[in-house]
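Trainee: I am sharing work_13.cif, which consists of mmCIF, C-alpha atoms:
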data_entry
loop_
_atom_site.label_atom_id
_atom_site.label_comp_id
_atom_site.auth_asym_id
_atom_site.auth_seq_id
_atom_site.Cartn_x
_atom_site.Cartn_y
_atom_site.Cartn_z
CA MET A 298 -15.15 28.68 73.83
CA SER A 299 -14.50 26.37 76.69
CA ALA A 300 -17.15 25.45 79.23
CA SER A 301 -16.17 25.06 82.85
CA THR A 302 -17.85 22.97 85.45
CA TYR A 303 -16.98 21.22 88.67
CA LEU A 304 -16.74 17.55 89.48
CA PRO A 305 -19.22 16.56 92.19
CA GLY A 306 -17.75 17.05 95.66
CA ASP A 307 -14.55 18.37 94.15
CA ALA A 308 -13.20 21.86 93.58
CA GLN A 309 -11.20 20.67 90.57
CA GLN A 310 -12.30 22.65 87.55
CA ILE A 311 -12.55 20.83 84.24
CA SER A 312 -12.98 22.31 80.82
CA ILE A 313 -15.26 20.82 78.19
CA SER A 314 -16.71 22.72 75.30
CA GLU A 315 -18.66 20.35 73.08
CA PHE A 316 -21.22 17.72 74.03
CA LEU A 317 -23.03 15.11 71.95
CA ALA A 318 -26.72 15.50 72.81
CA PHE A 319 -28.92 12.40 72.94
CA LYS A 320 -32.39 11.51 74.16
CA LEU A 321 -33.53 8.92 76.68
CA GLY A 322 -37.30 9.06 77.04
CA GLN A 323 -38.34 12.71 77.29
CA GLU A 324 -35.00 13.97 78.63
CA GLU A 325 -31.94 15.17 76.76
CA TYR A 326 -28.47 14.21 77.93
CA GLY A 327 -24.98 15.17 76.84
CA VAL A 328 -21.56 13.48 76.86
CA ASP A 329 -18.16 14.95 76.09
CA ILE A 330 -17.79 14.71 72.30
CA LEU A 331 -14.12 13.77 72.72
CA LYS A 332 -15.20 10.42 74.26
CA VAL A 333 -17.33 9.53 71.21
CA GLN A 334 -15.70 7.20 68.68
CA GLU A 335 -18.70 6.76 66.39
CA ILE A 336 -22.49 6.55 66.19
CA ARG A 337 -24.11 3.42 64.77
CA GLY A 338 -27.60 2.11 64.22
CA TYR A 339 -28.78 -0.45 66.77
CA GLU A 340 -28.11 -4.02 65.69
CA THR A 341 -28.67 -7.40 67.27
CA VAL A 342 -26.22 -8.19 70.05
CA THR A 343 -24.84 -11.48 71.37
CA ARG A 344 -26.23 -11.95 74.87
CA ILE A 345 -23.79 -12.88 77.64
CA ALA A 346 -25.05 -15.27 80.35
CA SER A 347 -25.30 -13.82 83.86
CA ALA A 348 -24.73 -10.24 82.65
CA PRO A 349 -26.80 -7.52 84.37
CA ASP A 350 -30.01 -6.57 82.52
CA PHE A 351 -28.62 -3.20 81.38
CA ILE A 352 -25.78 -4.95 79.52
CA LYS A 353 -27.59 -6.02 76.36
CA GLY A 354 -24.63 -8.11 75.19
CA VAL A 355 -21.64 -7.61 72.91
CA VAL A 356 -21.01 -6.85 69.24
CA ASN A 357 -17.97 -7.40 67.07
CA LEU A 358 -16.88 -3.97 65.84
CA ARG A 359 -14.14 -4.43 63.26
CA GLY A 360 -12.46 -7.15 65.35
CA THR A 361 -13.06 -5.53 68.75
CA ILE A 362 -15.61 -7.09 71.10
CA VAL A 363 -17.67 -4.19 72.44
CA PRO A 364 -20.04 -4.45 75.44
CA ILE A 365 -23.38 -2.70 74.77
CA VAL A 366 -25.14 -0.92 77.66
CA ASP A 367 -28.80 0.07 77.32
CA MET A 368 -28.95 3.40 79.15
CA ARG A 369 -32.77 3.29 79.40
CA ILE A 370 -32.50 0.11 81.49
CA LYS A 371 -29.53 1.45 83.48
CA PHE A 372 -31.44 4.63 84.41
CA ASN A 373 -34.75 2.79 85.07
CA LEU A 374 -36.60 4.68 82.32
CA GLY A 375 -39.13 1.97 81.56
CA ILE A 376 -39.15 -0.84 79.04
CA PRO A 377 -36.94 0.04 76.08
CA GLY A 378 -38.28 -0.05 72.57
CA TYR A 379 -36.03 -0.31 69.53
CA ASP A 380 -36.89 1.53 66.32
CA GLN A 381 -35.22 3.25 63.37
CA PHE A 382 -34.07 6.12 65.63
CA THR A 383 -32.41 3.90 68.26
CA VAL A 384 -28.64 4.27 68.04
CA VAL A 385 -25.50 3.05 69.73
CA ILE A 386 -22.97 5.69 70.73
CA VAL A 387 -19.57 3.99 70.67
CA LEU A 388 -17.34 5.50 73.34
CA ASN A 389 -13.62 5.25 73.96
CA ILE A 390 -13.03 5.47 77.71
CA ALA A 391 -9.66 4.69 79.30
CA ASN A 392 -8.61 2.87 76.11
CA ARG A 393 -11.68 0.60 76.30
CA VAL A 394 -14.48 0.67 73.77
CA VAL A 395 -18.06 0.58 75.10
CA GLY A 396 -21.36 1.13 73.31
CA MET A 397 -24.41 2.74 74.86
CA VAL A 398 -27.91 2.40 73.44
CA VAL A 399 -29.94 5.63 73.41
CA ASP A 400 -33.30 6.59 71.90
CA SER A 401 -31.79 9.08 69.43
CA VAL A 402 -28.94 11.52 68.90
CA SER A 403 -29.75 15.14 68.18
CA ASP A 404 -26.64 17.29 67.71
CA VAL A 405 -23.29 18.49 68.99
CA THR A 406 -23.72 21.45 71.32
CA THR A 407 -21.09 23.95 72.40
CA LEU A 408 -21.56 25.37 75.89
CA ASP A 409 -19.75 28.30 77.46
CA PRO A 410 -19.09 28.47 81.24
CA GLY A 411 -22.22 30.53 81.98
CA GLN A 412 -24.46 27.88 80.43
CA ILE A 413 -23.47 25.07 82.84
CA LYS A 414 -25.13 24.90 86.24
CA PRO A 415 -24.27 22.50 89.09
CA PRO A 416 -26.38 19.33 89.33
CA PRO A 417 -29.39 19.53 91.66
CA SER A 418 -29.18 17.82 95.04
CA ILE A 419 -32.48 15.98 94.56
CA GLY A 420 -32.99 12.32 93.79
CA THR A 421 -32.86 11.54 90.07
CA ALA A 422 -32.77 8.39 87.96
CA LEU A 423 -29.08 9.14 87.53
CA ASN A 424 -26.98 9.36 90.68
CA THR A 425 -25.65 12.94 90.79
CA ASP A 426 -22.13 11.53 91.29
CA TYR A 427 -22.26 10.85 87.55
CA LEU A 428 -23.38 14.33 86.54
CA LEU A 429 -21.13 17.15 85.41
CA GLY A 430 -24.00 19.62 85.58
CA LEU A 431 -26.95 20.93 83.62
CA GLY A 432 -26.34 22.73 80.36
CA THR A 433 -28.87 25.36 79.36
CA ILE A 434 -29.43 26.65 75.84
CA ASP A 435 -32.43 29.02 75.76
CA GLU A 436 -35.39 26.82 76.85
CA ARG A 437 -33.45 23.58 76.27
CA MET A 438 -31.71 21.72 79.09
CA LEU A 439 -29.03 19.03 78.74
CA ILE A 440 -28.20 16.66 81.60
CA LEU A 441 -24.40 16.47 81.28
CA VAL A 442 -23.16 12.97 82.14
CA ASP A 443 -19.66 12.26 83.48
CA ILE A 444 -19.38 9.18 81.28
CA ASP A 445 -15.94 8.25 82.65
CA ARG A 446 -17.27 7.99 86.21
CA LEU A 447 -20.45 6.23 85.13
CA MET A 448 -18.74 3.56 83.02
CA SER A 449 -16.04 2.93 85.63
CA SER A 450 -18.51 2.71 88.54
CA SER A 451 -18.52 -0.52 90.51
CA ASP A 452 -22.06 -1.47 89.46
CA MET A 453 -21.15 -1.16 85.78
CA GLY A 454 -17.92 -3.13 86.07
CA LEU A 455 -17.01 -2.39 82.46
CA ILE A 456 -13.87 -0.33 82.91
CA GLU A 457 -11.26 -0.48 85.61
CA LYS A 458 -11.29 2.44 88.01
CA LEU A 459 -9.76 5.50 86.41
CA ALA A 460 -6.59 6.87 87.96
CA ALA A 461 -7.37 9.86 90.16
#
Please go through the file and, once you have read it, give me the structure as structure tokens.
Mentor:
Amino acid sequence: MSASTYLPGDAQQISISEFLAFKLGQEEYGVDILKVQEIRGYETVTRIASAPDFIKGVVNLRGTIVPIVDMRIKFNLGIPGYDQFTVVIVLNIANRVVGMVVDSVSDVTTLDPGQIKPPPSIGTALNTDYLLGLGTIDERMLILVDIDRLMSSSDMGLIEKLAA
């Protein structure tokens, strides 16, 4: 089944059915599974001078230099800790490879249109411009992230603006 949701401030309907669920602190988030290239354990990164705090550094992934973003720092979720559950989700966005550090990955979830609600209009750690909506599965809630918009935002500076 295909899930439908709306882009913030836009009546353009998009269709996504499967999301990779991951945890940051106590909350569960989801990204379009089609953007995920691979999931890796967290490894030491090479720090880049003058990079923003949320950019941990870069790694060499089979000959490709990949910037690594710590989403806990980006979303102001406290001081990150790294353990055996910490993983890097390697994403392919606009033909660029970017890694994002998360606390853990849980599963791939399929949502149908009735399970996706619009994002709330209250202040959150994540600007609602970067939310696709909230996915609900029984008592579980996934914060669905528009990873394209987030990674191409001006404050991230990792990916050129996507063509509209």
Trainee: Using only C-alpha atoms, find the one residue out of A:Ile330, A:Leu321, A:Val395, A:Ile352 that sits nearest to Thr407 in chain A.
Mentor: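 With only C-alpha atoms as the atom set, the closest residue is A:Ile330.
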Trainee: Name the residues, using the chain letters and numbers of the file, that sit within 6 Å of (-29.6, 1.8, 69.3) when counting all atoms listed in the file, and give them as an NGL selection string.
Mentor: :A and (338-339 or 383-385 or 398-399)
Trainee: For Asn373 in chain A, which residue among A:Asp400, A:Val356, A:Gly322, A:Asn392 is the nearest when counting only C-alpha atoms?
Mentor: A:Gly322
Trainee: Place a sphere of radius 12 Å on (-24.0, 14.2, 74.6) in the file coordinates and name every protein, DNA or RNA residue with an atom inside or on its surface, counting all atoms listed in the file; give the answer as a ChimeraX atom specification.
Mentor: /A:313-321,324-333,336,386-388,397,399,401-408,428-429,431-432,438-444
Trainee: Using all atoms listed in the file, which residue out of A:Val342, A:Ile413, A:Leu447, A:Ile365 lies closest to Val394 in chain A?
Mentor: A:Ile365
Trainee: Evaluate the PyMOL selection byres ((chain A and resi 344) around 12) here and jot the selected residues down as a list of chain:residue names.
Mentor: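 Checking the PyMOL selection byres ((chain A and resi 344) around 12) against this file, the residues are A:Thr341, A:Val342, A:Thr343, A:Ile345, A:Ala346, A:Ser347, A:Ala348, A:Pro349, A:Asp350, A:Phe351, A:Ile352, A:Lys353, A:Gly354, A:Val355, A:Val356, A:Val363, A:Pro364, A:Ile365, A:Val366.
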Trainee: Rounded to one decimal in Å, what is the spacing between CA of Ile390 in chain A and CA of Ser418 in chain A?
Mentor: 26.7 Å
Trainee: In Å, how far is it from CA of Met448 in chain A to CA of Gly375 in chain A?
Mentor: 20.5 Å
Trainee: So what do you get for CA of Asn357 in chain A versus CA of Tyr427 in chain A, distance-wise?
Mentor: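 Value for the CA of Asn357 in chain A-CA of Tyr427 in chain A distance: 27.8 Å.
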